[in-house]
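*Asks:* Input file: target_20.tsv. Contents: TSV, C-alpha atoms.
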chain	number	residue	atom	x	y	z
A	1	MET	CA	-353.52	-102.57	95.70
A	2	ALA	CA	-353.49	-101.68	92.03
A	3	ASP	CA	-349.74	-101.33	91.93
A	4	PHE	CA	-349.28	-104.97	92.98
A	5	LEU	CA	-350.54	-106.17	89.65
A	6	GLU	CA	-349.04	-103.40	87.58
A	7	LYS	CA	-346.89	-104.60	84.69
A	8	SER	CA	-346.22	-101.29	82.98
A	9	LYS	CA	-346.34	-97.54	83.43
A	10	ARG	CA	-345.65	-94.54	81.21
A	11	TYR	CA	-343.75	-91.42	82.17
A	12	LYS	CA	-343.35	-88.03	80.55
A	13	VAL	CA	-340.08	-86.15	81.04
A	14	ALA	CA	-339.58	-82.79	79.26
A	15	GLY	CA	-342.50	-83.63	76.99
A	16	HIS	CA	-341.14	-87.02	75.84
A	17	ILE	CA	-343.01	-90.16	76.89
A	18	PHE	CA	-341.40	-93.49	77.69
A	19	GLU	CA	-342.87	-96.78	78.85
A	20	VAL	CA	-341.43	-99.09	81.49
A	21	SER	CA	-342.69	-102.66	81.82
A	22	GLN	CA	-341.40	-105.12	84.35
A	23	GLY	CA	-341.31	-108.74	85.41
A	24	ILE	CA	-339.31	-108.16	88.59
A	25	CYS	CA	-341.79	-108.14	91.47
A	26	GLU	CA	-345.08	-106.93	92.83
A	27	GLY	CA	-345.06	-103.25	93.75
A	28	PHE	CA	-342.06	-102.61	91.50
A	29	PHE	CA	-343.00	-99.05	90.56
A	30	ALA	CA	-343.61	-97.90	94.14
A	31	LYS	CA	-340.49	-99.64	95.38
A	32	PHE	CA	-337.90	-98.91	92.72
A	33	MET	CA	-339.29	-95.96	90.77
A	34	ASP	CA	-340.64	-93.57	93.41
A	35	ASN	CA	-338.51	-90.77	91.94
A	36	TYR	CA	-340.54	-91.09	88.68
A	37	ALA	CA	-343.92	-90.64	90.41
A	38	PRO	CA	-344.24	-86.88	89.58
A	39	PHE	CA	-343.75	-87.79	85.89
A	40	VAL	CA	-346.42	-90.51	85.53
A	41	VAL	CA	-348.63	-90.08	82.47
A	42	ASP	CA	-352.28	-89.67	83.30
A	43	GLU	CA	-353.67	-92.30	80.93
A	44	SER	CA	-357.11	-90.68	81.04
A	45	SER	CA	-355.73	-87.41	79.60
A	46	ASP	CA	-354.93	-86.28	76.04
A	47	VAL	CA	-351.33	-87.47	76.17
A	48	ALA	CA	-352.57	-91.05	76.59
A	49	SER	CA	-352.68	-91.43	72.81
A	50	ALA	CA	-349.22	-89.87	72.29
A	51	SER	CA	-346.53	-92.26	71.12
A	52	ASN	CA	-343.53	-93.43	73.13
A	53	LEU	CA	-340.01	-92.11	72.63
A	54	PHE	CA	-338.92	-95.59	73.73
A	55	ALA	CA	-340.11	-98.60	75.71
A	56	ILE	CA	-338.03	-100.65	78.13
A	57	LYS	CA	-338.65	-104.00	79.78
A	58	VAL	CA	-336.92	-104.77	83.09
A	59	GLU	CA	-336.49	-108.43	84.03
A	60	HIS	CA	-334.30	-110.86	85.91
A	61	SER	CA	-331.89	-113.08	84.03
A	62	ASP	CA	-329.71	-116.02	85.06
A	63	GLU	CA	-327.31	-115.53	82.24
A	64	MET	CA	-325.85	-112.39	80.69
A	65	PRO	CA	-325.17	-112.52	76.94
A	66	GLN	CA	-321.66	-112.01	75.56
A	67	TYR	CA	-321.03	-108.83	73.59
A	68	ASN	CA	-318.20	-106.97	71.81
A	69	GLU	CA	-317.00	-104.01	73.83
A	70	ASP	CA	-316.31	-100.64	72.10
A	71	VAL	CA	-315.95	-98.11	74.89
A	72	CYS	CA	-315.72	-98.05	78.68
A	73	GLN	CA	-316.46	-94.93	80.73
A	74	ASP	CA	-315.37	-94.73	84.34
A	75	GLU	CA	-316.52	-92.00	86.68
A	76	GLU	CA	-316.41	-92.01	90.47
A	77	GLY	CA	-316.48	-95.79	90.84
A	78	GLN	CA	-319.26	-96.19	88.25
A	79	GLN	CA	-318.43	-97.90	85.00
A	80	ILE	CA	-320.47	-98.08	81.83
A	81	HIS	CA	-319.21	-100.59	79.27
A	82	CYS	CA	-320.68	-100.08	75.81
A	83	GLY	CA	-320.66	-102.49	72.94
A	84	SER	CA	-322.84	-104.48	70.59
A	85	ILE	CA	-324.40	-107.83	69.76
A	86	GLY	CA	-324.90	-107.70	65.99
A	87	GLU	CA	-327.05	-104.63	65.29
A	88	LYS	CA	-328.10	-104.28	68.92
A	89	ALA	CA	-326.38	-101.81	71.23
A	90	VAL	CA	-325.37	-103.04	74.69
A	91	PHE	CA	-324.61	-101.07	77.86
A	92	ASP	CA	-323.52	-102.73	81.05
A	93	PHE	CA	-323.63	-100.75	84.26
A	94	ARG	CA	-321.23	-101.50	87.08
A	95	LEU	CA	-320.85	-100.03	90.53
A	96	ARG	CA	-317.35	-100.52	91.96
A	97	GLY	CA	-316.84	-103.38	89.50
A	98	GLU	CA	-320.08	-105.23	90.29
A	99	LEU	CA	-322.51	-105.80	87.39
A	100	THR	CA	-325.90	-104.26	88.22
A	101	GLY	CA	-327.65	-104.74	84.88
A	102	MET	CA	-327.24	-105.08	81.15
A	103	LEU	CA	-329.23	-102.94	78.73
A	104	ILE	CA	-329.81	-104.32	75.24
A	105	CYS	CA	-331.28	-101.87	72.71
A	106	SER	CA	-332.80	-102.22	69.26
A	107	LYS	CA	-330.84	-100.45	66.50
A	108	ASP	CA	-333.14	-97.39	66.64
A	109	TYR	CA	-333.20	-97.30	70.48
A	110	LYS	CA	-337.00	-97.51	70.51
A	111	GLU	CA	-337.13	-100.89	72.27
A	112	ALA	CA	-334.83	-102.12	75.00
A	113	SER	CA	-334.59	-104.74	77.67
A	114	LEU	CA	-332.72	-104.39	80.92
A	115	LEU	CA	-331.46	-107.71	82.30
A	116	ILE	CA	-330.87	-107.76	86.06
A	117	PRO	CA	-328.74	-110.57	87.55
A	118	ASN	CA	-330.71	-112.70	90.02
A	119	GLY	CA	-330.08	-111.67	93.61
A	120	THR	CA	-329.18	-108.03	92.77
A	121	SER	CA	-329.68	-105.82	95.84
A	122	PHE	CA	-332.25	-103.03	96.10
A	123	ASN	CA	-329.74	-100.20	95.63
A	124	LEU	CA	-327.96	-101.82	92.70
A	125	LEU	CA	-331.24	-102.54	90.91
A	126	LYS	CA	-332.28	-98.91	91.34
A	127	PHE	CA	-328.88	-97.83	90.02
A	128	ALA	CA	-329.31	-100.02	86.92
A	129	VAL	CA	-332.85	-98.77	86.23
A	130	ASN	CA	-331.90	-95.09	86.58
A	131	ASN	CA	-328.77	-95.40	84.46
A	132	SER	CA	-330.56	-97.37	81.75
A	133	LEU	CA	-333.35	-94.83	81.53
A	134	MET	CA	-330.91	-91.90	81.39
A	135	VAL	CA	-328.83	-93.54	78.63
A	136	LEU	CA	-331.91	-94.43	76.59
A	137	TYR	CA	-333.50	-91.04	77.13
A	138	ALA	CA	-330.36	-89.15	76.06
A	139	ILE	CA	-329.90	-91.26	72.93
A	140	ALA	CA	-333.53	-91.57	71.84
A	141	SER	CA	-334.17	-87.82	72.22
A	142	ALA	CA	-330.91	-86.65	70.59
A	143	SER	CA	-332.61	-86.01	67.24
A	144	CYS	CA	-335.48	-84.09	68.92
A	145	TYR	CA	-333.52	-80.95	69.92
A	146	THR	CA	-333.34	-82.38	73.44
A	147	LEU	CA	-330.25	-82.72	75.66
A	148	LEU	CA	-329.74	-84.47	79.00
A	149	PHE	CA	-327.22	-82.43	81.00
A	150	HIS	CA	-324.96	-83.10	83.93
A	151	SER	CA	-325.72	-79.94	85.89
A	152	ALA	CA	-327.31	-78.37	88.94
A	153	VAL	CA	-330.07	-75.93	88.04
A	154	VAL	CA	-331.91	-73.29	90.03
A	155	ASN	CA	-335.13	-71.50	89.23
A	156	TYR	CA	-334.55	-67.82	89.96
A	157	HIS	CA	-337.58	-65.56	89.50
A	158	GLY	CA	-339.03	-67.86	86.86
A	159	LYS	CA	-335.89	-68.55	84.81
A	160	GLY	CA	-333.58	-71.55	84.95
A	161	TYR	CA	-329.84	-71.04	85.50
A	162	MET	CA	-327.62	-74.07	85.00
A	163	PHE	CA	-324.30	-74.68	86.73
A	164	LEU	CA	-321.79	-76.85	84.91
A	165	GLY	CA	-318.40	-78.21	85.93
A	166	LYS	CA	-316.26	-81.29	86.24
A	167	SER	CA	-317.11	-83.70	89.08
A	168	GLY	CA	-316.11	-82.16	92.38
A	169	THR	CA	-316.00	-78.56	91.13
A	170	GLY	CA	-318.95	-77.57	93.30
A	171	LYS	CA	-322.04	-77.36	91.10
A	172	SER	CA	-324.33	-78.41	93.96
A	173	THR	CA	-322.44	-76.17	96.40
A	174	HIS	CA	-322.88	-73.14	94.13
A	175	ALA	CA	-326.59	-73.95	93.73
A	176	ARG	CA	-326.89	-74.11	97.55
A	177	LEU	CA	-325.25	-70.67	97.79
A	178	TRP	CA	-327.91	-69.26	95.46
A	179	LEU	CA	-330.67	-70.76	97.62
A	180	LYS	CA	-329.11	-69.22	100.71
A	181	TYR	CA	-328.07	-65.78	99.44
A	182	ASN	CA	-330.07	-65.01	96.28
A	183	GLU	CA	-333.66	-64.50	97.33
A	184	GLY	CA	-336.18	-66.03	94.97
A	185	SER	CA	-334.07	-69.10	94.16
A	186	GLU	CA	-335.32	-72.66	94.26
A	187	LEU	CA	-333.55	-75.87	93.31
A	188	LEU	CA	-335.06	-77.37	90.15
A	189	ASN	CA	-332.68	-80.32	89.80
A	190	ASP	CA	-329.30	-81.17	91.30
A	191	ASP	CA	-327.72	-83.45	88.71
A	192	ASN	CA	-329.52	-84.27	85.44
A	193	PRO	CA	-331.90	-81.66	84.03
A	194	VAL	CA	-333.15	-81.75	80.43
A	195	VAL	CA	-332.87	-78.84	77.98
A	196	ARG	CA	-334.96	-78.45	74.84
A	197	PHE	CA	-334.58	-75.95	72.02
A	198	PHE	CA	-337.64	-74.69	70.16
A	199	LYS	CA	-338.06	-72.77	66.97
A	200	ASP	CA	-341.39	-71.05	66.57
A	201	GLY	CA	-341.28	-68.95	63.42
A	202	GLU	CA	-338.81	-66.10	64.02
A	203	ASN	CA	-338.76	-66.88	67.71
A	204	SER	CA	-336.28	-69.42	69.07
A	205	TYR	CA	-335.80	-70.26	72.72
A	206	ALA	CA	-334.60	-72.89	75.17
A	207	ARG	CA	-336.35	-74.36	78.21
A	208	VAL	CA	-334.94	-76.37	81.09
A	209	TYR	CA	-336.89	-79.21	82.72
A	210	GLY	CA	-336.66	-81.09	86.01
A	211	SER	CA	-336.28	-84.86	85.74
A	212	PRO	CA	-336.48	-88.09	87.79
A	213	TRP	CA	-332.66	-88.06	87.93
A	214	SER	CA	-331.09	-85.76	90.48
A	215	GLY	CA	-327.98	-87.48	91.83
A	216	LYS	CA	-327.76	-87.73	95.61
A	217	THR	CA	-330.36	-85.00	96.18
A	218	PRO	CA	-333.99	-86.16	96.07
A	219	CYS	CA	-335.32	-83.27	93.94
A	220	TYR	CA	-337.63	-84.75	91.30
A	221	LYS	CA	-339.64	-81.79	90.10
A	222	ASN	CA	-341.91	-81.96	87.08
A	223	GLU	CA	-341.48	-78.25	86.32
A	224	ASP	CA	-339.87	-76.28	83.52
A	225	TYR	CA	-338.70	-72.73	82.91
A	226	PRO	CA	-337.17	-70.59	80.17
A	227	LEU	CA	-333.41	-71.14	80.25
A	228	GLY	CA	-331.68	-67.96	81.43
A	229	GLY	CA	-328.09	-69.12	81.01
A	230	PHE	CA	-325.28	-71.58	81.66
A	231	VAL	CA	-322.41	-71.01	84.06
A	232	LEU	CA	-319.26	-73.10	83.78
A	233	LEU	CA	-317.69	-73.20	87.24
A	234	ALA	CA	-313.99	-73.45	88.07
A	235	GLN	CA	-312.47	-73.40	91.55
A	236	ALA	CA	-310.24	-70.38	92.19
A	237	PRO	CA	-308.93	-68.31	95.11
A	238	PHE	CA	-311.08	-65.37	93.93
A	239	ASN	CA	-314.44	-64.65	92.27
A	240	GLU	CA	-314.49	-63.50	88.65
A	241	ILE	CA	-317.05	-63.92	85.89
A	242	LYS	CA	-316.83	-63.51	82.13
A	243	ARG	CA	-319.14	-64.14	79.20
A	244	LEU	CA	-318.09	-66.81	76.71
A	245	ARG	CA	-318.97	-66.58	73.04
A	246	GLY	CA	-318.74	-68.63	69.87
A	247	VAL	CA	-316.58	-71.76	69.95
A	248	MET	CA	-315.59	-71.07	73.59
A	249	ALA	CA	-319.27	-71.08	74.61
A	250	TYR	CA	-319.88	-74.31	72.69
A	251	ALA	CA	-316.82	-75.93	74.29
A	252	ALA	CA	-318.09	-74.96	77.75
A	253	ILE	CA	-321.36	-76.90	77.48
A	254	VAL	CA	-320.57	-79.95	75.31
A	255	PRO	CA	-318.60	-82.02	77.90
A	256	HIS	CA	-321.62	-81.89	80.25
A	257	ILE	CA	-324.11	-83.47	77.87
A	258	SER	CA	-324.90	-87.21	77.81
A	259	GLY	CA	-325.04	-89.27	74.66
A	260	LYS	CA	-323.36	-91.90	72.56
A	261	ARG	CA	-321.28	-89.51	70.50
A	262	TRP	CA	-319.39	-92.21	68.63
A	263	GLU	CA	-322.56	-93.12	66.72
A	264	SER	CA	-322.66	-90.44	64.03
A	265	VAL	CA	-326.45	-90.07	63.74
A	266	ILE	CA	-326.62	-89.38	67.48
A	267	ALA	CA	-323.61	-87.03	67.35
A	268	ASP	CA	-325.26	-85.06	64.51
A	269	GLY	CA	-328.42	-84.56	66.60
A	270	LEU	CA	-326.51	-83.53	69.72
A	271	HIS	CA	-324.28	-81.13	67.79
A	272	LYS	CA	-327.22	-79.39	66.10
A	273	THR	CA	-328.82	-78.57	69.44
A	274	GLU	CA	-325.53	-77.72	71.17
A	275	ASN	CA	-324.67	-75.27	68.39
A	276	LEU	CA	-328.08	-73.58	68.67
A	277	LEU	CA	-327.67	-73.25	72.43
A	278	ALA	CA	-324.17	-71.77	72.04
A	279	MET	CA	-325.53	-69.15	69.64
A	280	ASN	CA	-328.77	-68.32	71.49
A	281	VAL	CA	-328.29	-68.78	75.24
A	282	PRO	CA	-325.88	-66.69	77.38
A	283	ILE	CA	-322.95	-68.83	78.57
A	284	TRP	CA	-320.60	-67.68	81.33
A	285	HIS	CA	-317.35	-68.78	82.98
A	286	LEU	CA	-317.17	-68.27	86.73
A	287	ASP	CA	-313.92	-68.57	88.65
A	288	CYS	CA	-315.13	-68.89	92.20
A	289	LEU	CA	-314.77	-69.57	95.88
A	290	PRO	CA	-317.55	-71.51	97.63
A	291	ASP	CA	-318.88	-68.33	99.24
A	292	GLU	CA	-321.65	-65.71	99.29
A	293	GLY	CA	-319.61	-63.40	97.07
A	294	ALA	CA	-319.62	-65.97	94.25
A	295	ALA	CA	-323.41	-66.36	94.32
A	296	LYS	CA	-323.91	-62.57	94.43
A	297	LEU	CA	-321.41	-61.81	91.65
A	298	CYS	CA	-322.95	-64.53	89.49
A	299	VAL	CA	-326.56	-63.41	89.89
A	300	ALA	CA	-325.68	-59.73	89.37
A	301	ASN	CA	-324.18	-60.56	85.98
A	302	ILE	CA	-326.30	-63.35	84.55
A	303	ALA	CA	-329.74	-62.32	85.78
A	304	GLN	CA	-329.36	-58.59	85.20
A	305	ASP	CA	-332.36	-58.44	82.87
A	306	LYS	CA	-334.81	-59.58	85.56
A	307	LYS	CA	-335.80	-56.05	86.61
A	308	GLU	CA	-336.55	-54.89	83.09
A	309	PRO	CA	-340.24	-54.28	82.41
B	1	MET	CA	-301.25	-90.16	55.32
B	2	ARG	CA	-304.78	-90.49	56.63
B	3	ILE	CA	-307.09	-88.70	59.04
B	4	LYS	CA	-307.52	-90.91	62.10
B	5	LYS	CA	-310.91	-92.53	62.46
B	6	GLY	CA	-313.32	-90.68	64.72
B	7	PHE	CA	-312.25	-87.09	63.94
B	8	VAL	CA	-314.83	-84.89	62.24
B	9	LEU	CA	-315.10	-81.35	60.93
B	10	ARG	CA	-318.16	-79.46	62.11
B	11	GLU	CA	-319.46	-75.91	61.87
B	12	VAL	CA	-319.59	-74.32	65.34
B	13	CYS	CA	-321.02	-70.79	65.62
B	14	GLY	CA	-319.92	-70.07	62.05
B	15	GLU	CA	-316.40	-71.49	62.44
B	16	GLN	CA	-314.90	-74.72	61.09
B	17	VAL	CA	-313.82	-76.94	63.97
B	18	ILE	CA	-312.25	-80.40	64.26
B	19	MET	CA	-313.47	-82.55	67.13
B	20	GLY	CA	-313.00	-86.11	68.32
B	21	GLU	CA	-316.25	-88.09	68.32
B	22	GLY	CA	-315.55	-91.67	67.34
B	23	VAL	CA	-314.36	-94.61	69.42
B	24	GLY	CA	-310.66	-93.95	70.05
B	25	ALA	CA	-311.05	-90.18	69.55
B	26	LEU	CA	-313.31	-89.52	72.54
B	27	ASP	CA	-310.47	-88.43	74.83
B	28	PHE	CA	-309.23	-85.79	72.34
B	29	GLY	CA	-310.65	-83.24	74.78
B	30	LYS	CA	-310.22	-80.17	72.60
B	31	LEU	CA	-311.63	-78.30	69.64
B	32	LEU	CA	-309.31	-77.28	66.83
B	33	CYS	CA	-310.43	-74.22	64.84
B	34	LEU	CA	-309.44	-74.20	61.18
B	35	ASN	CA	-309.16	-71.23	58.84
B	36	GLU	CA	-310.84	-71.39	55.44
B	37	THR	CA	-307.85	-72.97	53.64
B	38	ALA	CA	-307.26	-75.56	56.36
B	39	ALA	CA	-310.96	-76.51	56.40
B	40	TRP	CA	-310.92	-76.89	52.60
B	41	LEU	CA	-307.82	-79.12	52.84
B	42	TRP	CA	-309.42	-81.22	55.59
B	43	LYS	CA	-312.43	-81.90	53.36
B	44	ARG	CA	-310.11	-82.90	50.46
B	45	ALA	CA	-308.15	-85.15	52.84
B	46	GLU	CA	-311.39	-86.78	54.04
B	47	GLU	CA	-312.51	-87.42	50.46
B	48	ALA	CA	-309.13	-88.78	49.39
B	49	GLY	CA	-308.72	-91.19	52.31
B	50	ASP	CA	-305.00	-91.72	51.62
B	51	TRP	CA	-303.08	-88.60	50.68
B	52	THR	CA	-299.68	-86.89	50.80
B	53	VAL	CA	-298.58	-83.32	51.42
B	54	GLU	CA	-297.81	-83.14	47.70
B	55	SER	CA	-301.21	-84.39	46.58
B	56	LEU	CA	-302.99	-81.88	48.84
B	57	ALA	CA	-300.72	-79.05	47.61
B	58	GLU	CA	-301.57	-79.96	44.04
B	59	ALA	CA	-305.30	-79.87	44.85
B	60	LEU	CA	-304.83	-76.48	46.54
B	61	CYS	CA	-303.17	-75.08	43.39
B	62	GLY	CA	-306.14	-76.28	41.34
B	63	GLU	CA	-308.63	-74.46	43.59
B	64	TYR	CA	-306.86	-71.28	44.64
B	65	ASP	CA	-304.68	-68.85	42.69
B	66	VAL	CA	-301.41	-69.81	44.38
B	67	ASP	CA	-298.03	-70.98	43.04
B	68	SER	CA	-296.91	-74.51	43.80
B	69	ALA	CA	-294.03	-73.57	46.14
B	70	ARG	CA	-296.35	-71.45	48.28
B	71	ALA	CA	-299.06	-74.15	48.25
B	72	LEU	CA	-296.57	-76.81	49.36
B	73	ALA	CA	-295.32	-74.60	52.21
B	74	ASP	CA	-298.89	-73.85	53.37
B	75	VAL	CA	-299.96	-77.49	53.29
B	76	LYS	CA	-296.78	-78.51	55.16
B	77	ASN	CA	-297.58	-76.02	57.93
B	78	ILE	CA	-301.18	-77.08	58.26
B	79	VAL	CA	-300.36	-80.80	58.20
B	80	ALA	CA	-297.65	-80.22	60.83
B	81	GLU	CA	-300.31	-78.67	63.09
B	82	TRP	CA	-302.60	-81.63	62.60
B	83	GLN	CA	-299.74	-83.96	63.42
B	84	LYS	CA	-298.94	-81.98	66.55
B	85	VAL	CA	-302.45	-82.63	67.92
B	86	ASN	CA	-302.32	-86.23	66.74
B	87	VAL	CA	-305.28	-86.46	64.38
B	88	LEU	CA	-303.34	-88.12	61.52
B	89	GLU	CA	-301.85	-91.56	61.02
Rewrite the structure from the file as structure tokens, please.

*Replies:*
Amino acid sequence: MADFLEKSKRYKVAGHIFEVSQGICEGFFAKFMDNYAPFVVDESSDVASASNLFAIKVEHSDEMPQYNEDVCQDEEGQQIHCGSIGEKAVFDFRLRGELTGMLICSKDYKEASLLIPNGTSFNLLKFAVNNSLMVLYAIASASCYTLLFHSAVVNYHGKGYMFLGKSGTGKSTHARLWLKYNEGSELLNDDNPVVRFFKDGENSYARVYGSPWSGKTPCYKNEDYPLGGFVLLAQAPFNEIKRLRGVMAYAAIVPHISGKRWESVIADGLHKTENLLAMNVPIWHLDCLPDEGAAKLCVANIAQDKKEP
Amino acid sequence: MRIKKGFVLREVCGEQVIMGEGVGALDFGKLLCLNETAAWLWKRAEEAGDWTVESLAEALCGEYDVDSARALADVKNIVAEWQKVNVLE
């Protein structure tokens, strides 16, 4: 019953809290945001007083404002048009050409509203909400040593291993091969995990976190692990793995990180973290077939320290 | 000549690297590693805004112990590389 009247909810993903308020319908959070349920902030706990990374309001609108377009990204039938209205940043999310929602952000990306055209279907509204939250999350956390990746990630004996690659390379397929052939593997996230870098005195380390965004696979785990390594996948008629270092390692991870890189403050934040990851986390290149041999070769090389005392 | 808008020099794992970050440079799709001299010239070119091969060569002579013919040849080579990857206008 409570959810019927609910106007807002807060979520915590990889330690960062955001607030979603809505004027769409009764039962909005149960209906459209079920994938966020494991991430709900317990408002009776200590984090209740913690501040928001950003807040977003979702509402219907008859009319979409005009804006100046800067950039358009097109991937697999999904388009994001980015632009501005004065100092405000605008993102409009389209699925096969149809507008699903328009996100309008304050200059510092702390406040945003998502306008949904009247009559938008269930699936398109969900698409707009998820995309808006991912865009805002990636941008608002860029200066906090936090990166939103496009990757499939498995937890193998308590460490996270992330598989990277262009669309269609077989990230999810390779993750499935680990689950099948490398005992002790579990899927942590299939599409959009979060990575954070920490510096604690002399000690620096990275952790990988599950998120409410997991592509086509419903795997919304609120869990996190030390990051064991990245593997950039490439399809090949054989299996071969090699370690990447320096600029090559950096180049392997950067294309798989979300953000608005053409805004220099955001680019600075992303680069700082990317550079630290390239210098501190093992990064590998795997030429592979979609077979057992690939999963076995990969684990034997990248998780070789697991048996050490 | 000018450096096209959207291209930046960053330090990556201890190396000096040019990358495309701005609107219009996003599809650059590569990282260009510069040696010490090239990175120094890039910074001068950024500061100058508009520049010529000759003006950069002159700056190079002022900074490093190199004769003007050698400086001009070096700058020409480096600028030709930048032109090849299309980061100048």

*Asks:* I'd like the neighbourhood of range 53-65 of chain A as an NGL selection string, where a residue qualifies if any of its atoms comes within 7 Å (using all atoms listed in the file), though same-chain residues fewer than 3 positions away should be ignored.

*Replies:* :A and (16-24 or 109-118 or 140)

*Asks:* Residues of chain B within 8 Å of chain A, counting only C-alpha atoms, what are they? List them as number ranges by chain.

*Replies:* B: 6, 12-13, 15, 21-23, 26, 31

*Asks:* For a quick check of understanding, using only C-alpha atoms, which of B:Ala57, B:Lys4, B:Leu34, B:Lys84 has the smallest distance to Ala69 in chain B?

*Replies:*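 Residue with the minimum atom-to-atom distance to Ala69 in chain B: B:Ala57.
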
*Asks:* Give me the residues within 9 Å of Leu41 in chain B as a list in words, counting all atoms listed in the file and dropping any in the same chain fewer than 6 places off.

*Replies:*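 The contact residues come out as Leu56, Ala57, Ala59, Leu60, Val75 and Ile78 of chain B.
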
*Asks:* What separation in Å, quoted to one decimal, exists between CA of Val8 in chain B and CA of Ala45 in chain B?

*Replies:*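 If I compute the distance from CA of Val8 in chain B to CA of Ala45 in chain B, I get 11.5 Å.
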